[in-house]
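**Student:** Please read through the structure below; I'll follow up with questions.
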Amino acid sequence: MNNLASTYSQLGRDTEALDLLISTVANQKRILGHEHHETLASMSNLARTYQNLGRHAEALDVQLSVLASQKQAFGDKHPNTLMSMNNLVAVYTGLGRHAEALNLKLSMLVYQKETLGNEHPLTLLSMNNLASTYIALGRHVEAIDLELSVLASQKRVLGDDHPDTLKTMGNLALLHLRRGRHADALDLQVSVLATQKRTLGDKHPDTLTSMNNVALTHQALGRHTEALNLLLAVVASQKQTLGNEHPNTLSSINNLALAYQALGRHANALDLLLPVVANQKQTLGDEHNDTLTSMNNLAMIYQSLGRHTEALDLQLPVYAKQKQALGDEHPDVLASMNNLASIYFQLGRHVEAHDLQLSLLTNQKRILGDEDPHTLSSKNNLALTYRRLGRHADA
């Protein structure tokens, strides 16, 4: 049953996987006991499935239980314990609780350096993951320093073409992109993509992910036609290899819709996103992160079409559900706050827009810093709202 559940998960059929895993865990607890290694393995899979479904609180409860049992049975430094710590990090990250994720990652890295050495592939992978958390916390300088150190070691130990080396290059590119260094990001991404095409082929999932990332960078550079052409190729390949309803396919269709929107082709974007949202609601549920992301994007398209009331009707539940599931400071929640404030502004509801924008700016200054592009954009939006409210001195 565990293997069948894994197959369902790989196919993106997480709801069916969940039903099987709940039954499996219950049976194993009864027959084998709570702390048997097979029970704990199934519980880890259950936590991961809860997370895939956006049910982060339930994932956290299960994963904390697994980690406590493994620490008791094996000790803090056993590979199984470290794996559970890593899984718990993923849950904390999904909840936007990056400070707790950071503390766990730092502990794991100390253990791995002690037991495996500074340049063991698993140690380097943990350093890579640590950099991702620094990025989420807005600590970009520390993230870049760490990624550059990892990349140098991986090139020396693993070689330029190793998947872990390419992953680090991709992460470094995304960090450049986040800091507004789009040309540097694109250079790295193009290099990664060329290597993956040569070593893995044009239709490998990693190659398609890199094509997707290159497209997003083109979009950030305002090169929307190049982005559109890449995303059309990605979606066509994913439909062929993964199927029309696979989560990766739907995610790429989402990006394709945004590319159409950037080109002013809002009707094309709307036609793409409406069936995606319907599909995700049916297969993933209303509260899954992918569903909420698609609803958020659909609200933006309605806004572009001047259909502000429909945009508001979508954006309000997205914001409420994300805030409940992820907390006030998660990047997705901050993005929803920004979009909701923009809709209120367009509807002439400037007081409501102001309240959201002020809260958003306060959070961004604390999390990202005063000079982050997102913070500066929010500061500009708040100034516009102050002018509409006649508060020119505040603007």
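Starting from 1 in every chain, residues are counted up; chains themselves are A, B, ... following the order of the structure tokens, and ligands are numbered from 1 as listed.
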So which residues touch Ala101 (chain A) within 12 Å, counting only C-alpha atoms, skipping near sequence neighbours fewer than 2 positions away, as a ChimeraX atom specification?
**Tutor:** /A:85-99,103-108,126,129-134,136-137
**Student:** Residues within 9 Å of region 48-55 of chain A, please, as a JSON list (two decimals) with N, CA, C and O atoms, in the first residue's frame. Count only C-alpha atoms; anything in the same chain fewer than 2 positions from it doesn't count.
**Tutor:**
```json
[["chain", "number", "residue", "atom", "x", "y", "z"],
["A", 9, "SER", "N", 1.35, 9.64, -5.53],
["A", 9, "SER", "CA", 1.99, 10.94, -5.30],
["A", 9, "SER", "C", 2.79, 11.38, -6.52],
["A", 9, "SER", "O", 2.76, 12.55, -6.92],
["A", 12, "GLY", "N", 0.81, 12.92, -9.04],
["A", 12, "GLY", "CA", 0.10, 14.12, -8.62],
["A", 12, "GLY", "C", -1.27, 13.84, -8.03],
["A", 12, "GLY", "O", -2.05, 14.76, -7.80],
["A", 14, "ASP", "N", -2.47, 13.17, -5.01],
["A", 14, "ASP", "CA", -2.13, 13.16, -3.59],
["A", 14, "ASP", "C", -3.33, 12.82, -2.71],
["A", 14, "ASP", "O", -3.15, 12.27, -1.61],
["A", 15, "THR", "N", -4.53, 13.15, -3.14],
["A", 15, "THR", "CA", -5.71, 12.83, -2.32],
["A", 15, "THR", "C", -5.86, 11.32, -2.18],
["A", 15, "THR", "O", -6.14, 10.82, -1.07],
["A", 17, "ALA", "N", -3.40, 9.16, -2.54],
["A", 17, "ALA", "CA", -2.25, 8.72, -1.74],
["A", 17, "ALA", "C", -2.52, 8.91, -0.25],
["A", 17, "ALA", "O", -2.18, 8.05, 0.57],
["A", 18, "LEU", "N", -3.16, 10.04, 0.09],
["A", 18, "LEU", "CA", -3.44, 10.33, 1.50],
["A", 18, "LEU", "C", -4.34, 9.26, 2.12],
["A", 18, "LEU", "O", -4.06, 8.78, 3.23],
["A", 21, "LEU", "N", -2.30, 6.18, 2.79],
["A", 21, "LEU", "CA", -1.30, 6.32, 3.84],
["A", 21, "LEU", "C", -1.92, 6.38, 5.23],
["A", 21, "LEU", "O", -1.35, 5.84, 6.19],
["A", 43, "MET", "N", 4.80, 7.27, 8.22],
["A", 43, "MET", "CA", 4.39, 8.55, 8.79],
["A", 43, "MET", "C", 5.08, 9.72, 8.08],
["A", 43, "MET", "O", 4.48, 10.77, 7.85],
["A", 44, "SER", "N", 6.36, 9.53, 7.73],
["A", 44, "SER", "CA", 7.08, 10.57, 6.98],
["A", 44, "SER", "C", 6.42, 10.81, 5.62],
["A", 44, "SER", "O", 6.26, 11.96, 5.19],
["A", 45, "ASN", "N", 6.03, 9.71, 4.96],
["A", 45, "ASN", "CA", 5.34, 9.86, 3.68],
["A", 45, "ASN", "C", 3.98, 10.54, 3.86],
["A", 45, "ASN", "O", 3.56, 11.34, 3.01],
["A", 46, "LEU", "N", 3.32, 10.23, 4.97],
["A", 46, "LEU", "CA", 2.03, 10.86, 5.26],
["A", 46, "LEU", "C", 2.21, 12.37, 5.45],
["A", 46, "LEU", "O", 1.43, 13.17, 4.92],
["A", 57, "ALA", "N", -0.30, 22.31, 8.77],
["A", 57, "ALA", "CA", -0.40, 22.09, 10.22],
["A", 57, "ALA", "C", -0.42, 20.59, 10.53],
["A", 57, "ALA", "O", 0.24, 20.13, 11.48],
["A", 58, "GLU", "N", -1.16, 19.82, 9.72],
["A", 58, "GLU", "CA", -1.21, 18.37, 9.93],
["A", 58, "GLU", "C", 0.14, 17.73, 9.61],
["A", 58, "GLU", "O", 0.59, 16.81, 10.30],
["A", 59, "ALA", "N", 0.79, 18.24, 8.56],
["A", 59, "ALA", "CA", 2.12, 17.74, 8.22],
["A", 59, "ALA", "C", 3.09, 17.98, 9.38],
["A", 59, "ALA", "O", 3.90, 17.12, 9.73],
["A", 60, "LEU", "N", 2.98, 19.16, 10.00],
["A", 60, "LEU", "CA", 3.87, 19.50, 11.12],
["A", 60, "LEU", "C", 3.67, 18.56, 12.30],
["A", 60, "LEU", "O", 4.64, 18.06, 12.88],
["A", 63, "GLN", "N", 5.21, 15.14, 11.43],
["A", 63, "GLN", "CA", 6.66, 15.15, 11.30],
["A", 63, "GLN", "C", 7.36, 15.37, 12.64],
["A", 63, "GLN", "O", 8.42, 14.79, 12.91],
["A", 87, "ASN", "N", 13.08, 16.77, 6.64],
["A", 87, "ASN", "CA", 11.66, 16.81, 6.29],
["A", 87, "ASN", "C", 10.91, 17.87, 7.10],
["A", 87, "ASN", "O", 10.01, 18.54, 6.59],
["A", 90, "ALA", "N", 11.37, 21.25, 5.67],
["A", 90, "ALA", "CA", 10.49, 21.50, 4.53],
["A", 90, "ALA", "C", 9.10, 21.95, 4.99],
["A", 90, "ALA", "O", 8.49, 22.84, 4.37],
["A", 91, "VAL", "N", 8.62, 21.36, 6.09],
["A", 91, "VAL", "CA", 7.31, 21.76, 6.62],
["A", 91, "VAL", "C", 7.36, 23.19, 7.15],
["A", 91, "VAL", "O", 6.49, 24.01, 6.86],
["A", 94, "GLY", "N", 7.38, 25.54, 4.30],
["A", 94, "GLY", "CA", 6.04, 25.67, 3.71],
["A", 94, "GLY", "C", 5.13, 26.56, 4.52],
["A", 94, "GLY", "O", 4.24, 27.23, 3.98],
["A", 284, "LEU", "N", -6.79, 19.05, -6.05],
["A", 284, "LEU", "CA", -5.94, 19.43, -4.92],
["A", 284, "LEU", "C", -6.72, 20.01, -3.74],
["A", 284, "LEU", "O", -6.26, 19.98, -2.60],
["A", 285, "GLY", "N", -7.89, 20.58, -4.05],
["A", 285, "GLY", "CA", -8.68, 21.24, -3.01],
["A", 285, "GLY", "C", -8.49, 22.75, -3.03],
["A", 285, "GLY", "O", -7.52, 23.27, -3.59],
["A", 287, "GLU", "N", -7.66, 24.81, -0.72],
["A", 287, "GLU", "CA", -6.67, 25.41, 0.16],
["A", 287, "GLU", "C", -5.23, 25.01, -0.18],
["A", 287, "GLU", "O", -4.30, 25.42, 0.52],
["A", 288, "HIS", "N", -5.05, 24.24, -1.25],
["A", 288, "HIS", "CA", -3.69, 23.87, -1.66],
["A", 288, "HIS", "C", -2.96, 25.10, -2.19],
["A", 288, "HIS", "O", -3.56, 25.97, -2.84],
["A", 289, "ASN", "N", -1.66, 25.16, -1.92],
["A", 289, "ASN", "CA", -0.89, 26.34, -2.32],
["A", 289, "ASN", "C", -0.95, 26.58, -3.82],
["A", 289, "ASN", "O", -1.04, 27.73, -4.28],
["A", 290, "ASP", "N", -0.89, 25.51, -4.63],
["A", 290, "ASP", "CA", -0.95, 25.67, -6.09],
["A", 290, "ASP", "C", -2.30, 26.25, -6.52],
["A", 290, "ASP", "O", -2.36, 27.10, -7.42],
["A", 325, "ALA", "N", -3.06, 29.71, 6.87],
["A", 325, "ALA", "CA", -2.19, 28.54, 6.73],
["A", 325, "ALA", "C", -0.71, 28.87, 6.91],
["A", 325, "ALA", "O", 0.04, 28.06, 7.45]]
```
**Student:** Need to verify the contact set: region 335-350 of chain A, 9 Å, only C-alpha atoms, exclusion of same-chain residues closer than 6 positions in sequence. Can you return it as a PyMOL selection string?
**Tutor:** chain A and resi 296+299-300+303+306+308-309+311-312+315-316+318-319+322+356-357+359-360+378+381+385-386+388-389
**Student:** Using DSSP assignments from the backbone, pull out every residue in region 106-314 of chain A that falls under alpha helix (DSSP H) and give it to me as a PyMOL selection string.
**Tutor:** chain A and resi 106-116+121-136+140-157+163-178+182-199+205-220+224-241+247-262+266-283+289-304+308-314
**Student:** Name all residues at most 9 Å from Asn212 (chain A) (count only C-alpha atoms; drop same-chain ones fewer than 3 positions away) and give them as a list in words.
**Tutor:** Thr207, Leu208, Thr209, Ala215, Leu216, Thr217, Ala227, Leu230, Leu231, Val234, Ser252 and Asn255 of chain A
**Student:** Write out as a compact mmCIF listing (two decimals) with C-alpha atoms, in the first residue's frame the residues lying within 9 Å of Leu250 (chain A), counting only C-alpha atoms and excluding same-chain residues fewer than 3 positions away.
**Tutor:**
```
# COMPACT_ATOMS: atom_id res chain seq x y z
CA VAL A 235 3.95 23.24 -21.75
CA ASN A 244 -2.38 17.64 -19.10
CA GLU A 245 -3.28 17.52 -15.42
CA HIS A 246 0.08 16.89 -13.78
CA PRO A 247 0.97 19.58 -11.19
CA ILE A 253 0.39 26.77 -17.84
CA ASN A 254 0.09 29.27 -15.00
CA ASN A 255 3.37 30.88 -16.04
CA VAL A 276 -6.41 25.26 -14.42
CA ASN A 279 -8.86 21.35 -12.18
CA GLN A 280 -6.78 22.25 -9.13
CA ASP A 290 -0.95 25.67 -6.09
```
